[in-house]
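What's in run-v2.cif: mmCIF, C-alpha atoms
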data_target
loop_
_atom_site.label_atom_id
_atom_site.label_comp_id
_atom_site.auth_asym_id
_atom_site.auth_seq_id
_atom_site.Cartn_x
_atom_site.Cartn_y
_atom_site.Cartn_z
CA MET A 25 -22.79 -18.72 -11.45
CA THR A 26 -21.82 -16.80 -8.39
CA THR A 27 -18.34 -17.18 -6.94
CA PHE A 28 -18.30 -17.49 -3.14
CA PHE A 29 -15.49 -17.28 -0.63
CA GLU A 30 -14.87 -21.03 -0.83
CA ASP A 31 -14.22 -20.81 -4.58
CA PHE A 32 -11.00 -18.79 -4.22
CA SER A 33 -7.70 -20.62 -3.95
CA VAL A 34 -4.31 -19.19 -3.09
CA GLY A 35 -2.29 -18.78 -6.28
CA ASP A 36 -5.28 -18.24 -8.58
CA GLU A 37 -4.40 -15.64 -11.20
CA ALA A 38 -6.41 -13.70 -13.75
CA GLU A 39 -5.74 -10.96 -16.28
CA PHE A 40 -8.41 -8.78 -17.83
CA GLY A 41 -9.67 -5.35 -18.73
CA SER A 42 -9.00 -2.70 -21.33
CA TYR A 43 -9.56 0.86 -20.11
CA ASP A 44 -8.78 3.71 -22.48
CA VAL A 45 -7.46 6.72 -20.59
CA THR A 46 -8.49 10.05 -22.10
CA GLU A 47 -7.34 13.58 -21.34
CA ALA A 48 -10.97 14.62 -20.91
CA GLU A 49 -11.59 12.01 -18.23
CA ILE A 50 -8.28 12.75 -16.47
CA ARG A 51 -9.26 16.41 -16.23
CA GLU A 52 -12.88 15.69 -15.26
CA PHE A 53 -11.91 13.38 -12.40
CA ALA A 54 -9.24 15.81 -11.22
CA GLU A 55 -11.56 18.84 -11.32
CA SER A 56 -13.89 16.96 -8.98
CA TYR A 57 -11.50 15.23 -6.65
CA ASP A 58 -7.84 16.15 -7.15
CA PRO A 59 -7.52 19.61 -8.73
CA GLN A 60 -3.73 19.84 -8.66
CA TRP A 61 -2.35 21.59 -11.74
CA PHE A 62 -0.39 18.58 -13.02
CA HIS A 63 -3.73 16.75 -13.34
CA THR A 64 -5.84 19.62 -14.71
CA ASP A 65 -3.64 21.97 -16.75
CA PRO A 66 -1.97 20.35 -19.80
CA GLU A 67 0.05 23.44 -20.81
CA ARG A 68 1.50 24.09 -17.38
CA ALA A 69 2.10 20.36 -16.87
CA GLU A 70 4.08 20.19 -20.11
CA ALA A 71 6.13 23.27 -19.22
CA GLU A 72 6.74 22.78 -15.52
CA SER A 73 5.91 19.30 -14.26
CA MET A 74 8.54 16.66 -13.52
CA TYR A 75 6.27 14.30 -15.48
CA GLY A 76 6.51 16.35 -18.70
CA GLY A 77 2.75 16.48 -19.24
CA ILE A 78 -0.64 15.95 -17.70
CA ILE A 79 -1.05 12.71 -15.73
CA ALA A 80 -3.99 11.00 -14.06
CA SER A 81 -4.59 11.46 -10.35
CA GLY A 82 -3.46 8.35 -8.51
CA TRP A 83 -7.00 8.13 -7.13
CA HIS A 84 -8.30 8.17 -10.69
CA THR A 85 -5.98 5.28 -11.53
CA THR A 86 -7.32 3.25 -8.62
CA ALA A 87 -10.89 4.17 -9.63
CA MET A 88 -10.30 3.00 -13.23
CA THR A 89 -8.75 -0.19 -11.84
CA MET A 90 -11.82 -0.71 -9.64
CA ARG A 91 -14.10 -0.35 -12.65
CA MET A 92 -12.25 -3.16 -14.44
CA LEU A 93 -12.37 -5.29 -11.29
CA VAL A 94 -16.12 -4.80 -10.89
CA ASP A 95 -16.86 -5.46 -14.56
CA GLU A 96 -14.76 -8.57 -14.94
CA PHE A 97 -14.02 -9.98 -11.52
CA LEU A 98 -16.31 -8.87 -8.69
CA SER A 99 -19.62 -8.68 -10.55
CA GLU A 100 -20.04 -12.45 -10.65
CA THR A 101 -18.95 -12.95 -7.07
CA ALA A 102 -20.62 -12.62 -3.69
CA ALA A 103 -18.38 -9.63 -2.89
CA LEU A 104 -19.33 -7.76 0.29
CA GLY A 105 -16.94 -4.82 0.03
CA ALA A 106 -13.37 -4.37 1.18
CA LYS A 107 -11.80 -3.65 4.55
CA GLY A 108 -8.91 -1.83 3.03
CA VAL A 109 -5.76 -1.91 0.96
CA ASP A 110 -2.10 -2.39 1.86
CA GLU A 111 0.98 -1.30 -0.06
CA LEU A 112 -0.79 0.85 -2.62
CA ARG A 113 1.92 2.20 -4.93
CA TRP A 114 1.67 4.48 -7.95
CA ARG A 115 4.71 3.26 -9.85
CA ARG A 116 4.52 5.13 -13.12
CA PRO A 117 2.55 8.12 -14.42
CA VAL A 118 -0.68 7.31 -16.28
CA ARG A 119 -1.06 9.50 -19.36
CA PRO A 120 -3.79 10.28 -21.91
CA GLY A 121 -3.91 7.72 -24.71
CA GLU A 122 -2.79 4.76 -22.61
CA THR A 123 -4.86 1.60 -22.23
CA LEU A 124 -4.87 -0.01 -18.80
CA SER A 125 -5.42 -3.64 -17.82
CA VAL A 126 -5.43 -5.54 -14.53
CA ARG A 127 -3.84 -8.67 -13.11
CA THR A 128 -5.07 -10.35 -9.92
CA GLU A 129 -3.45 -13.00 -7.76
CA ILE A 130 -5.06 -14.58 -4.68
CA LEU A 131 -2.58 -14.39 -1.78
CA GLU A 132 -4.56 -15.65 1.22
CA THR A 133 -8.08 -16.79 2.17
CA THR A 134 -9.28 -16.56 5.78
CA PRO A 135 -12.76 -17.51 7.04
CA GLU A 136 -13.93 -14.73 9.38
CA THR A 137 -17.48 -15.58 10.42
CA GLU A 138 -20.00 -18.24 9.41
CA ARG A 139 -21.23 -15.85 6.78
CA ARG A 140 -18.13 -14.35 5.24
CA GLY A 141 -14.43 -14.72 4.58
CA LEU A 142 -11.54 -12.41 3.82
CA VAL A 143 -9.52 -12.74 0.62
CA ARG A 144 -6.19 -10.94 0.20
CA VAL A 145 -5.68 -10.22 -3.49
CA ARG A 146 -2.66 -8.65 -5.16
CA ILE A 147 -3.95 -6.26 -7.82
CA THR A 148 -1.59 -4.92 -10.47
CA THR A 149 -2.53 -2.33 -13.07
CA ALA A 150 -0.45 -2.18 -16.27
CA ASN A 151 -0.27 0.14 -19.26
CA GLY A 152 -0.27 -0.94 -22.90
CA ASP A 153 3.48 -1.59 -22.81
CA GLY A 154 2.98 -4.04 -19.97
CA GLU A 155 4.60 -1.69 -17.45
CA GLU A 156 3.17 -1.66 -13.94
CA VAL A 157 1.56 1.67 -13.19
CA CYS A 158 -0.08 0.78 -9.90
CA SER A 159 -0.17 -2.12 -7.47
CA MET A 160 -1.86 -2.92 -4.18
CA VAL A 161 -2.97 -5.74 -1.91
CA ALA A 162 -6.73 -5.56 -1.30
CA LEU A 163 -8.51 -7.08 1.70
CA THR A 164 -11.81 -8.11 0.20
CA MET A 165 -14.78 -9.77 1.90
CA PHE A 166 -16.88 -12.44 0.20
CA ALA A 167 -19.99 -14.26 1.39
CA ARG A 168 -19.62 -17.94 2.18
CA ARG A 169 -21.92 -20.55 0.67
CA GLU A 170 -25.02 -20.98 2.77
CA GLY A 171 -24.39 -23.56 5.45
CA GLY A 172 -20.79 -23.78 4.28
CA GLU A 173 -18.61 -24.84 7.16
CA GLY A 174 -15.41 -25.78 5.39
CA GLU A 175 -12.42 -24.04 6.88
CA ASN A 176 -9.46 -23.75 4.56
CA MET B 30 3.30 31.45 0.96
CA THR B 31 4.29 28.09 -0.36
CA THR B 32 5.10 25.28 2.05
CA PHE B 33 8.19 23.27 1.08
CA PHE B 34 9.53 19.97 2.32
CA GLU B 35 11.63 21.71 4.98
CA ASP B 36 8.54 23.30 6.52
CA PHE B 37 7.04 20.01 7.72
CA SER B 38 7.88 18.75 11.21
CA VAL B 39 7.13 15.38 12.73
CA GLY B 40 4.12 15.69 15.01
CA ASP B 41 2.49 18.59 13.14
CA GLU B 42 -1.28 18.13 13.14
CA ALA B 43 -4.13 19.81 11.30
CA GLU B 44 -7.88 19.35 11.05
CA PHE B 45 -10.02 20.73 8.25
CA GLY B 46 -12.66 20.20 5.63
CA SER B 47 -16.41 19.85 5.43
CA TYR B 48 -17.63 17.61 2.61
CA ASP B 49 -21.35 16.95 2.33
CA VAL B 50 -21.99 13.44 1.03
CA THR B 51 -25.09 13.18 -1.16
CA GLU B 52 -26.90 10.14 -2.53
CA ALA B 53 -26.67 11.62 -6.02
CA GLU B 54 -22.88 11.88 -5.85
CA ILE B 55 -22.51 8.41 -4.29
CA ARG B 56 -24.48 6.94 -7.19
CA GLU B 57 -22.73 9.04 -9.84
CA PHE B 58 -19.24 8.04 -8.69
CA ALA B 59 -20.29 4.41 -8.39
CA GLU B 60 -21.90 4.29 -11.84
CA SER B 61 -18.57 5.43 -13.30
CA TYR B 62 -16.08 3.54 -11.21
CA ASP B 63 -17.62 1.02 -8.78
CA PRO B 64 -21.04 -0.12 -10.01
CA GLN B 65 -21.72 -2.65 -7.27
CA TRP B 66 -25.40 -2.70 -6.25
CA PHE B 67 -24.77 -1.61 -2.65
CA HIS B 68 -23.35 1.65 -4.07
CA THR B 69 -25.87 2.22 -6.88
CA ASP B 70 -29.25 0.73 -5.90
CA PRO B 71 -30.81 2.29 -2.75
CA GLU B 72 -33.84 -0.03 -2.64
CA ARG B 73 -31.86 -3.24 -2.97
CA ALA B 74 -29.23 -1.93 -0.56
CA GLU B 75 -31.89 -1.23 2.06
CA ALA B 76 -33.47 -4.66 1.61
CA GLU B 77 -30.43 -6.89 1.19
CA SER B 78 -27.16 -5.24 2.14
CA MET B 79 -25.35 -5.90 5.41
CA TYR B 80 -25.01 -2.11 5.62
CA GLY B 81 -28.79 -1.52 5.64
CA GLY B 82 -28.68 1.08 2.89
CA ILE B 83 -26.65 2.60 0.09
CA ILE B 84 -23.05 3.47 1.03
CA ALA B 85 -20.24 5.30 -0.78
CA SER B 86 -17.61 3.31 -2.65
CA GLY B 87 -14.43 3.21 -0.60
CA TRP B 88 -12.69 4.78 -3.59
CA HIS B 89 -15.22 7.58 -3.51
CA THR B 90 -14.42 8.15 0.17
CA THR B 91 -10.71 8.42 -0.62
CA ALA B 92 -11.51 10.75 -3.55
CA MET B 93 -13.60 13.04 -1.32
CA THR B 94 -10.79 12.97 1.24
CA MET B 95 -8.31 13.92 -1.48
CA ARG B 96 -10.48 16.86 -2.49
CA MET B 97 -10.37 18.23 1.07
CA LEU B 98 -6.61 17.65 1.21
CA VAL B 99 -6.02 19.51 -2.06
CA ASP B 100 -8.28 22.42 -1.10
CA GLU B 101 -6.95 22.98 2.38
CA PHE B 102 -3.57 21.32 2.68
CA LEU B 103 -1.76 20.57 -0.58
CA SER B 104 -2.79 23.59 -2.64
CA GLU B 105 -0.44 25.93 -0.76
CA THR B 106 2.45 23.48 -0.77
CA ALA B 107 5.07 22.44 -3.28
CA ALA B 108 3.46 18.98 -3.53
CA LEU B 109 4.86 16.79 -6.29
CA GLY B 110 2.45 13.88 -6.06
CA ALA B 111 2.49 10.72 -3.96
CA LYS B 112 4.36 7.43 -4.20
CA GLY B 113 1.60 5.52 -2.56
CA VAL B 114 -0.40 4.76 0.53
CA ASP B 115 0.00 2.21 3.31
CA GLU B 116 -2.63 0.77 5.65
CA LEU B 117 -5.66 2.20 3.87
CA ARG B 118 -8.69 1.09 5.89
CA TRP B 119 -12.37 1.74 5.33
CA ARG B 120 -13.53 1.56 8.94
CA ARG B 121 -17.19 2.53 8.75
CA PRO B 122 -19.74 2.91 5.96
CA VAL B 123 -20.15 6.43 4.53
CA ARG B 124 -23.82 7.24 3.96
CA PRO B 125 -25.82 9.99 2.22
CA GLY B 126 -26.30 13.02 4.46
CA GLU B 127 -23.04 12.70 6.34
CA THR B 128 -20.44 15.48 6.44
CA LEU B 129 -16.81 14.39 6.27
CA SER B 130 -13.71 16.12 7.61
CA VAL B 131 -10.00 15.28 7.66
CA ARG B 132 -7.20 15.13 10.19
CA THR B 133 -3.52 15.00 9.24
CA GLU B 134 -0.45 14.18 11.30
CA ILE B 135 3.12 14.29 10.02
CA LEU B 136 4.83 10.98 10.89
CA GLU B 137 8.21 11.19 9.16
CA THR B 138 10.20 13.47 6.83
CA THR B 139 13.00 12.07 4.66
CA PRO B 140 15.10 14.04 2.15
CA GLU B 141 15.33 11.97 -1.03
CA THR B 142 17.21 14.06 -3.59
CA GLU B 143 18.50 17.62 -3.68
CA ARG B 144 15.19 18.62 -5.17
CA ARG B 145 12.60 16.74 -3.17
CA GLY B 146 11.75 14.99 0.05
CA LEU B 147 9.26 12.37 1.18
CA VAL B 148 6.72 13.09 3.91
CA ARG B 149 4.75 10.28 5.58
CA VAL B 150 1.40 11.66 6.68
CA ARG B 151 -1.34 9.88 8.62
CA ILE B 152 -4.66 10.93 7.10
CA THR B 153 -7.89 10.23 8.97
CA THR B 154 -11.36 10.91 7.59
CA ALA B 155 -14.22 11.33 10.08
CA ASN B 156 -17.98 11.69 9.85
CA GLY B 157 -20.09 14.33 11.60
CA ASP B 158 -20.19 12.27 14.79
CA GLY B 159 -16.40 12.27 14.91
CA GLU B 160 -16.22 8.58 14.03
CA GLU B 161 -13.32 7.46 11.83
CA VAL B 162 -14.61 6.28 8.48
CA CYS B 163 -11.26 5.93 6.70
CA SER B 164 -7.58 6.14 7.53
CA MET B 165 -4.30 5.77 5.67
CA VAL B 166 -0.64 6.68 5.71
CA ALA B 167 0.31 8.60 2.56
CA LEU B 168 3.82 8.82 1.13
CA THR B 169 3.85 12.30 -0.34
CA MET B 170 6.65 14.09 -2.18
CA PHE B 171 7.36 17.79 -1.73
CA ALA B 172 9.88 20.04 -3.44
CA ARG B 173 12.76 21.33 -1.32
CA ARG B 174 13.58 25.02 -1.12
CA GLU B 175 15.97 26.02 -3.86
CA GLY B 176 19.51 25.52 -2.72
CA GLY B 177 18.19 24.08 0.51
CA GLU B 178 20.70 21.62 1.93
CA GLY B 179 19.38 21.15 5.45
CA GLU B 180 18.92 17.50 6.25
CA ASN B 181 16.45 16.79 9.02
#

Please render this file's structure as structure tokens.
Amino acid sequence: MTTFFEDFSVGDEAEFGSYDVTEAEIREFAESYDPQWFHTDPERAEAESMYGGIIASGWHTTAMTMRMLVDEFLSETAALGAKGVDELRWRRPVRPGETLSVRTEILETTPETERRGLVRVRITTANGDGEEVCSMVALTMFARREGGEGEN
Amino acid sequence: MTTFFEDFSVGDEAEFGSYDVTEAEIREFAESYDPQWFHTDPERAEAESMYGGIIASGWHTTAMTMRMLVDEFLSETAALGAKGVDELRWRRPVRPGETLSVRTEILETTPETERRGLVRVRITTANGDGEEVCSMVALTMFARREGGEGEN
């Protein structure tokens, strides 16, 4: 069953996902998109970095978070893409061997046109110790039910 | 020559980068991190999407932007990573065949500890027609010159 704009309510929460972070994937993402040495060079990162070892690019962390969101949240919805993100914060380093999960909370729902509405969602990514590694507020568009006219 | 925190001044601007967006890379990124059909399925996207064709994941756009930033901005600096990003907006779809470039503007510089400072940078990504496709304000940390005590 597809979830439409009207099916979201402020305060709804969900928790899901289990993404195993590997050194190989950290380095592969970084070689393509963020080739800074503390993401690509484990020896130098251990010797010189303020993080004490290789860490994932923040953009890799948001990408892994997105994968969990698509697999377990967006895929059964009438999602139309996102306008943007506010208050994106990388709060803790993400290291090889960690397992990430996601928590979502609906903050606001706003009808925009007859066809779609905007949902503000707080998205929090945690590591296996339950520590927040990343958080953001996403502005996500969802289709409205056909003929749906209910304003909320 | 390495650029340290003290070398940034409010108002500094730069423009650089030339990233060719291909359908193959859009689909490859999306298959890994954002497998929504309007990023992975060109036929369905052309027939059904409000964008009229396949478009890059917003997280792919930020990743491509990051690659240009690392290659032409961060790589010669004492960058220490970023705390986060404010006001990230995906303003226009990014399509196969476009060429992206980046503009940066230094908004604020704040010493944080003896060793590092925070630089707020407006980052704007444009397509080949000069249209903004993405913008954000990044909170980026840079090392201070050794023994540097100048507060600005």

Give me, as a tab-separated table, the closest atom pair and its distance (Å, one decimal) for every residue of chain B within a cut-off of 8 Å of chain A, counting only C-alpha atoms, rows sorted by chain and rising number.
residue	atom	partner	partner_atom	distance
B:Ser61	CA	A:Arg91	CA	7.3
B:Tyr62	CA	A:Arg91	CA	4.6
B:Asp63	CA	A:Arg91	CA	5.4
B:Pro64	CA	A:Val94	CA	6.8
B:Gln65	CA	A:Val94	CA	7.0
B:Gly87	CA	A:Ala106	CA	7.9
B:Trp88	CA	A:Ala87	CA	6.3
B:Thr91	CA	A:Trp83	CA	7.5
B:Ala92	CA	A:Tyr57	CA	5.4
B:Met93	CA	A:Tyr57	CA	6.1
B:Met95	CA	A:Asp58	CA	6.1
B:Arg96	CA	A:Tyr57	CA	4.6
B:Val99	CA	A:Asp58	CA	6.4
B:Ser104	CA	A:Gln60	CA	7.2
B:Ala111	CA	A:Trp114	CA	7.5
B:Lys112	CA	A:Trp114	CA	5.5
B:Gly113	CA	A:Arg113	CA	4.1
B:Val114	CA	A:Leu112	CA	5.0
B:Asp115	CA	A:Glu111	CA	5.0
B:Glu116	CA	A:Asp110	CA	5.0
B:Leu117	CA	A:Val109	CA	5.0
B:Arg118	CA	A:Gly108	CA	4.1
B:Trp119	CA	A:Lys107	CA	5.5
B:Arg120	CA	A:Lys107	CA	7.0

Legend entry - Å distance separating atom CA of Pro71 of chain B from atom CA of Glu52 of chain B, one decimal place: 8.8 Å

Legend entry - Close residues, segment 137-141 of chain B itself excluded, 10 Å, all atoms listed in the file, min 4 positions apart in chain, as a list in words: Phe34, Glu35, Asp36, Phe37, Ser38, Val39, Gly40, Arg145, Gly146, Leu147, Val148, Arg149, Val150, Arg151, Leu168, Thr169, Met170, Phe171, Ala172, Arg173, Glu178, Gly179, Glu180 and Asn181 of chain B

Legend entry - the PyMOL selection byres ((chain B and resi 161) around 10) resolved against shown file, as a ChimeraX atom specification: /B:118-122,129-132,153-160,162-164

What are the coordinates of chain A as an mmCIF file with C-alpha atoms, in the coordinates of the input following a least-squares fit to chain B on all in-order C-alpha atoms?
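The file below, out.cif, is the result:
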data_model
loop_
_atom_site.group_PDB
_atom_site.id
_atom_site.type_symbol
_atom_site.label_atom_id
_atom_site.label_comp_id
_atom_site.auth_asym_id
_atom_site.auth_seq_id
_atom_site.Cartn_x
_atom_site.Cartn_y
_atom_site.Cartn_z
ATOM 1 C CA MET A 25 3.315 31.464 0.945
ATOM 2 C CA THR A 26 4.295 28.096 -0.355
ATOM 3 C CA THR A 27 5.097 25.292 2.064
ATOM 4 C CA PHE A 28 8.185 23.279 1.090
ATOM 5 C CA PHE A 29 9.530 19.980 2.335
ATOM 6 C CA GLU A 30 11.633 21.705 4.998
ATOM 7 C CA ASP A 31 8.532 23.305 6.533
ATOM 8 C CA PHE A 32 7.037 20.001 7.730
ATOM 9 C CA SER A 33 7.876 18.753 11.201
ATOM 10 C CA VAL A 34 7.107 15.374 12.708
ATOM 11 C CA GLY A 35 4.100 15.695 15.006
ATOM 12 C CA ASP A 36 2.473 18.588 13.134
ATOM 13 C CA GLU A 37 -1.294 18.133 13.143
ATOM 14 C CA ALA A 38 -4.143 19.805 11.301
ATOM 15 C CA GLU A 39 -7.897 19.356 11.042
ATOM 16 C CA PHE A 40 -10.031 20.748 8.250
ATOM 17 C CA GLY A 41 -12.672 20.219 5.622
ATOM 18 C CA SER A 42 -16.422 19.858 5.437
ATOM 19 C CA TYR A 43 -17.637 17.619 2.610
ATOM 20 C CA ASP A 44 -21.354 16.952 2.324
ATOM 21 C CA VAL A 45 -22.005 13.446 1.035
ATOM 22 C CA THR A 46 -25.085 13.172 -1.171
ATOM 23 C CA GLU A 47 -26.898 10.136 -2.534
ATOM 24 C CA ALA A 48 -26.656 11.616 -6.026
ATOM 25 C CA GLU A 49 -22.877 11.879 -5.849
ATOM 26 C CA ILE A 50 -22.515 8.409 -4.292
ATOM 27 C CA ARG A 51 -24.474 6.935 -7.191
ATOM 28 C CA GLU A 52 -22.717 9.043 -9.844
ATOM 29 C CA PHE A 53 -19.237 8.045 -8.681
ATOM 30 C CA ALA A 54 -20.277 4.404 -8.391
ATOM 31 C CA GLU A 55 -21.892 4.300 -11.848
ATOM 32 C CA SER A 56 -18.564 5.440 -13.285
ATOM 33 C CA TYR A 57 -16.073 3.542 -11.204
ATOM 34 C CA ASP A 58 -17.603 1.037 -8.780
ATOM 35 C CA PRO A 59 -21.028 -0.115 -10.009
ATOM 36 C CA GLN A 60 -21.710 -2.657 -7.271
ATOM 37 C CA TRP A 61 -25.373 -2.711 -6.255
ATOM 38 C CA PHE A 62 -24.768 -1.610 -2.655
ATOM 39 C CA HIS A 63 -23.344 1.644 -4.064
ATOM 40 C CA THR A 64 -25.860 2.214 -6.876
ATOM 41 C CA ASP A 65 -29.234 0.735 -5.899
ATOM 42 C CA PRO A 66 -30.806 2.280 -2.759
ATOM 43 C CA GLU A 67 -33.830 -0.065 -2.659
ATOM 44 C CA ARG A 68 -31.846 -3.266 -2.987
ATOM 45 C CA ALA A 69 -29.211 -1.942 -0.571
ATOM 46 C CA GLU A 70 -31.886 -1.258 2.041
ATOM 47 C CA ALA A 71 -33.458 -4.692 1.580
ATOM 48 C CA GLU A 72 -30.422 -6.911 1.175
ATOM 49 C CA SER A 73 -27.149 -5.247 2.126
ATOM 50 C CA MET A 74 -25.339 -5.909 5.400
ATOM 51 C CA TYR A 75 -25.000 -2.114 5.616
ATOM 52 C CA GLY A 76 -28.781 -1.534 5.636
ATOM 53 C CA GLY A 77 -28.688 1.064 2.863
ATOM 54 C CA ILE A 78 -26.652 2.602 0.100
ATOM 55 C CA ILE A 79 -23.052 3.472 1.015
ATOM 56 C CA ALA A 80 -20.247 5.283 -0.775
ATOM 57 C CA SER A 81 -17.611 3.312 -2.646
ATOM 58 C CA GLY A 82 -14.432 3.219 -0.591
ATOM 59 C CA TRP A 83 -12.689 4.777 -3.594
ATOM 60 C CA HIS A 84 -15.228 7.589 -3.502
ATOM 61 C CA THR A 85 -14.419 8.151 0.168
ATOM 62 C CA THR A 86 -10.716 8.426 -0.606
ATOM 63 C CA ALA A 87 -11.507 10.749 -3.536
ATOM 64 C CA MET A 88 -13.613 13.043 -1.305
ATOM 65 C CA THR A 89 -10.793 12.984 1.256
ATOM 66 C CA MET A 90 -8.309 13.942 -1.473
ATOM 67 C CA ARG A 91 -10.476 16.887 -2.481
ATOM 68 C CA MET A 92 -10.369 18.239 1.080
ATOM 69 C CA LEU A 93 -6.610 17.666 1.219
ATOM 70 C CA VAL A 94 -6.028 19.532 -2.043
ATOM 71 C CA ASP A 95 -8.299 22.429 -1.093
ATOM 72 C CA GLU A 96 -6.966 22.985 2.392
ATOM 73 C CA PHE A 97 -3.587 21.334 2.694
ATOM 74 C CA LEU A 98 -1.767 20.576 -0.561
ATOM 75 C CA SER A 99 -2.789 23.607 -2.615
ATOM 76 C CA GLU A 100 -0.436 25.939 -0.765
ATOM 77 C CA THR A 101 2.440 23.492 -0.762
ATOM 78 C CA ALA A 102 5.073 22.449 -3.272
ATOM 79 C CA ALA A 103 3.459 18.994 -3.509
ATOM 80 C CA LEU A 104 4.861 16.791 -6.282
ATOM 81 C CA GLY A 105 2.446 13.869 -6.047
ATOM 82 C CA ALA A 106 2.485 10.736 -3.938
ATOM 83 C CA LYS A 107 4.361 7.456 -4.195
ATOM 84 C CA GLY A 108 1.608 5.532 -2.552
ATOM 85 C CA VAL A 109 -0.412 4.770 0.538
ATOM 86 C CA ASP A 110 0.005 2.218 3.322
ATOM 87 C CA GLU A 111 -2.625 0.791 5.648
ATOM 88 C CA LEU A 112 -5.651 2.206 3.873
ATOM 89 C CA ARG A 113 -8.683 1.094 5.891
ATOM 90 C CA TRP A 114 -12.378 1.746 5.344
ATOM 91 C CA ARG A 115 -13.537 1.565 8.944
ATOM 92 C CA ARG A 116 -17.176 2.539 8.753
ATOM 93 C CA PRO A 117 -19.736 2.918 5.958
ATOM 94 C CA VAL A 118 -20.144 6.432 4.532
ATOM 95 C CA ARG A 119 -23.808 7.248 3.956
ATOM 96 C CA PRO A 120 -25.818 9.991 2.223
ATOM 97 C CA GLY A 121 -26.330 13.019 4.454
ATOM 98 C CA GLU A 122 -23.046 12.705 6.336
ATOM 99 C CA THR A 123 -20.452 15.475 6.433
ATOM 100 C CA LEU A 124 -16.823 14.396 6.274
ATOM 101 C CA SER A 125 -13.713 16.123 7.610
ATOM 102 C CA VAL A 126 -10.009 15.278 7.659
ATOM 103 C CA ARG A 127 -7.210 15.145 10.207
ATOM 104 C CA THR A 128 -3.530 15.006 9.232
ATOM 105 C CA GLU A 129 -0.473 14.178 11.301
ATOM 106 C CA ILE A 130 3.120 14.287 10.013
ATOM 107 C CA LEU A 131 4.827 10.985 10.896
ATOM 108 C CA GLU A 132 8.215 11.200 9.170
ATOM 109 C CA THR A 133 10.204 13.480 6.838
ATOM 110 C CA THR A 134 13.002 12.064 4.671
ATOM 111 C CA PRO A 135 15.102 14.042 2.165
ATOM 112 C CA GLU A 136 15.327 11.967 -1.031
ATOM 113 C CA THR A 137 17.208 14.060 -3.579
ATOM 114 C CA GLU A 138 18.498 17.634 -3.677
ATOM 115 C CA ARG A 139 15.184 18.622 -5.155
ATOM 116 C CA ARG A 140 12.584 16.748 -3.164
ATOM 117 C CA GLY A 141 11.736 14.996 0.072
ATOM 118 C CA LEU A 142 9.256 12.380 1.201
ATOM 119 C CA VAL A 143 6.706 13.101 3.922
ATOM 120 C CA ARG A 144 4.737 10.288 5.571
ATOM 121 C CA VAL A 145 1.390 11.675 6.697
ATOM 122 C CA ARG A 146 -1.340 9.888 8.627
ATOM 123 C CA ILE A 147 -4.667 10.930 7.113
ATOM 124 C CA THR A 148 -7.898 10.236 8.975
ATOM 125 C CA THR A 149 -11.360 10.917 7.596
ATOM 126 C CA ALA A 150 -14.220 11.345 10.090
ATOM 127 C CA ASN A 151 -17.985 11.689 9.839
ATOM 128 C CA GLY A 152 -20.086 14.328 11.582
ATOM 129 C CA ASP A 153 -20.194 12.269 14.783
ATOM 130 C CA GLY A 154 -16.413 12.281 14.910
ATOM 131 C CA GLU A 155 -16.216 8.582 14.029
ATOM 132 C CA GLU A 156 -13.333 7.474 11.832
ATOM 133 C CA VAL A 157 -14.598 6.283 8.482
ATOM 134 C CA CYS A 158 -11.273 5.923 6.715
ATOM 135 C CA SER A 159 -7.586 6.150 7.537
ATOM 136 C CA MET A 160 -4.310 5.773 5.681
ATOM 137 C CA VAL A 161 -0.636 6.688 5.730
ATOM 138 C CA ALA A 162 0.303 8.607 2.571
ATOM 139 C CA LEU A 163 3.823 8.835 1.145
ATOM 140 C CA THR A 164 3.839 12.307 -0.321
ATOM 141 C CA MET A 165 6.641 14.094 -2.172
ATOM 142 C CA PHE A 166 7.345 17.800 -1.730
ATOM 143 C CA ALA A 167 9.880 20.049 -3.438
ATOM 144 C CA ARG A 168 12.733 21.333 -1.313
ATOM 145 C CA ARG A 169 13.576 25.025 -1.116
ATOM 146 C CA GLU A 170 15.932 26.011 -3.888
ATOM 147 C CA GLY A 171 19.497 25.473 -2.776
ATOM 148 C CA GLY A 172 18.180 23.993 0.457
ATOM 149 C CA GLU A 173 20.703 21.558 1.827
ATOM 150 C CA GLY A 174 19.443 21.053 5.350
ATOM 151 C CA GLU A 175 19.022 17.403 6.180
ATOM 152 C CA ASN A 176 16.608 16.705 8.993
#

Legend entry - Interatomic distance, atom CA of Thr128 of chain A to atom CA of Asp44 of chain A (Å, one decimal):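 Going from atom CA of Thr128 of chain A over to atom CA of Asp44 of chain A covers 19.2 Å.
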
Inset, instruction - Please measure the separation of atom CA of Met25 of chain A and atom CA of Thr123 of chain A, giving the value in Å to one decimal. - result: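 Value for the atom CA of Met25 of chain A-atom CA of Thr123 of chain A distance: 29.2 Å.
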
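For the choices B:Glu143, B:Glu134, B:Glu54, B:Glu175, the atom-to-atom distance to Asp41 of chain B is smallest for B:Glu134 when using all atoms listed in the file.
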
Inset, instruction - Place a sphere of radius 8 Å on (0.3, 26.0, 1.7) in the file coordinates and name every protein, DNA or RNA residue with an atom inside or on its surface, counting all atoms listed in the file; give the answer as an MDAnalysis selection string. - result: chainID B and resid 30:32 101:107

File dump, residues just selected, C-alpha atoms, as an mmCIF file, in the coordinates of the input:
data_model
loop_
_atom_site.group_PDB
_atom_site.id
_atom_site.type_symbol
_atom_site.label_atom_id
_atom_site.label_comp_id
_atom_site.auth_asym_id
_atom_site.auth_seq_id
_atom_site.Cartn_x
_atom_site.Cartn_y
_atom_site.Cartn_z
ATOM 1 C CA MET B 30 3.300 31.450 0.960
ATOM 2 C CA THR B 31 4.290 28.090 -0.360
ATOM 3 C CA THR B 32 5.100 25.280 2.050
ATOM 4 C CA GLU B 101 -6.950 22.980 2.380
ATOM 5 C CA PHE B 102 -3.570 21.320 2.680
ATOM 6 C CA LEU B 103 -1.760 20.570 -0.580
ATOM 7 C CA SER B 104 -2.790 23.590 -2.640
ATOM 8 C CA GLU B 105 -0.440 25.930 -0.760
ATOM 9 C CA THR B 106 2.450 23.480 -0.770
ATOM 10 C CA ALA B 107 5.070 22.440 -3.280
#
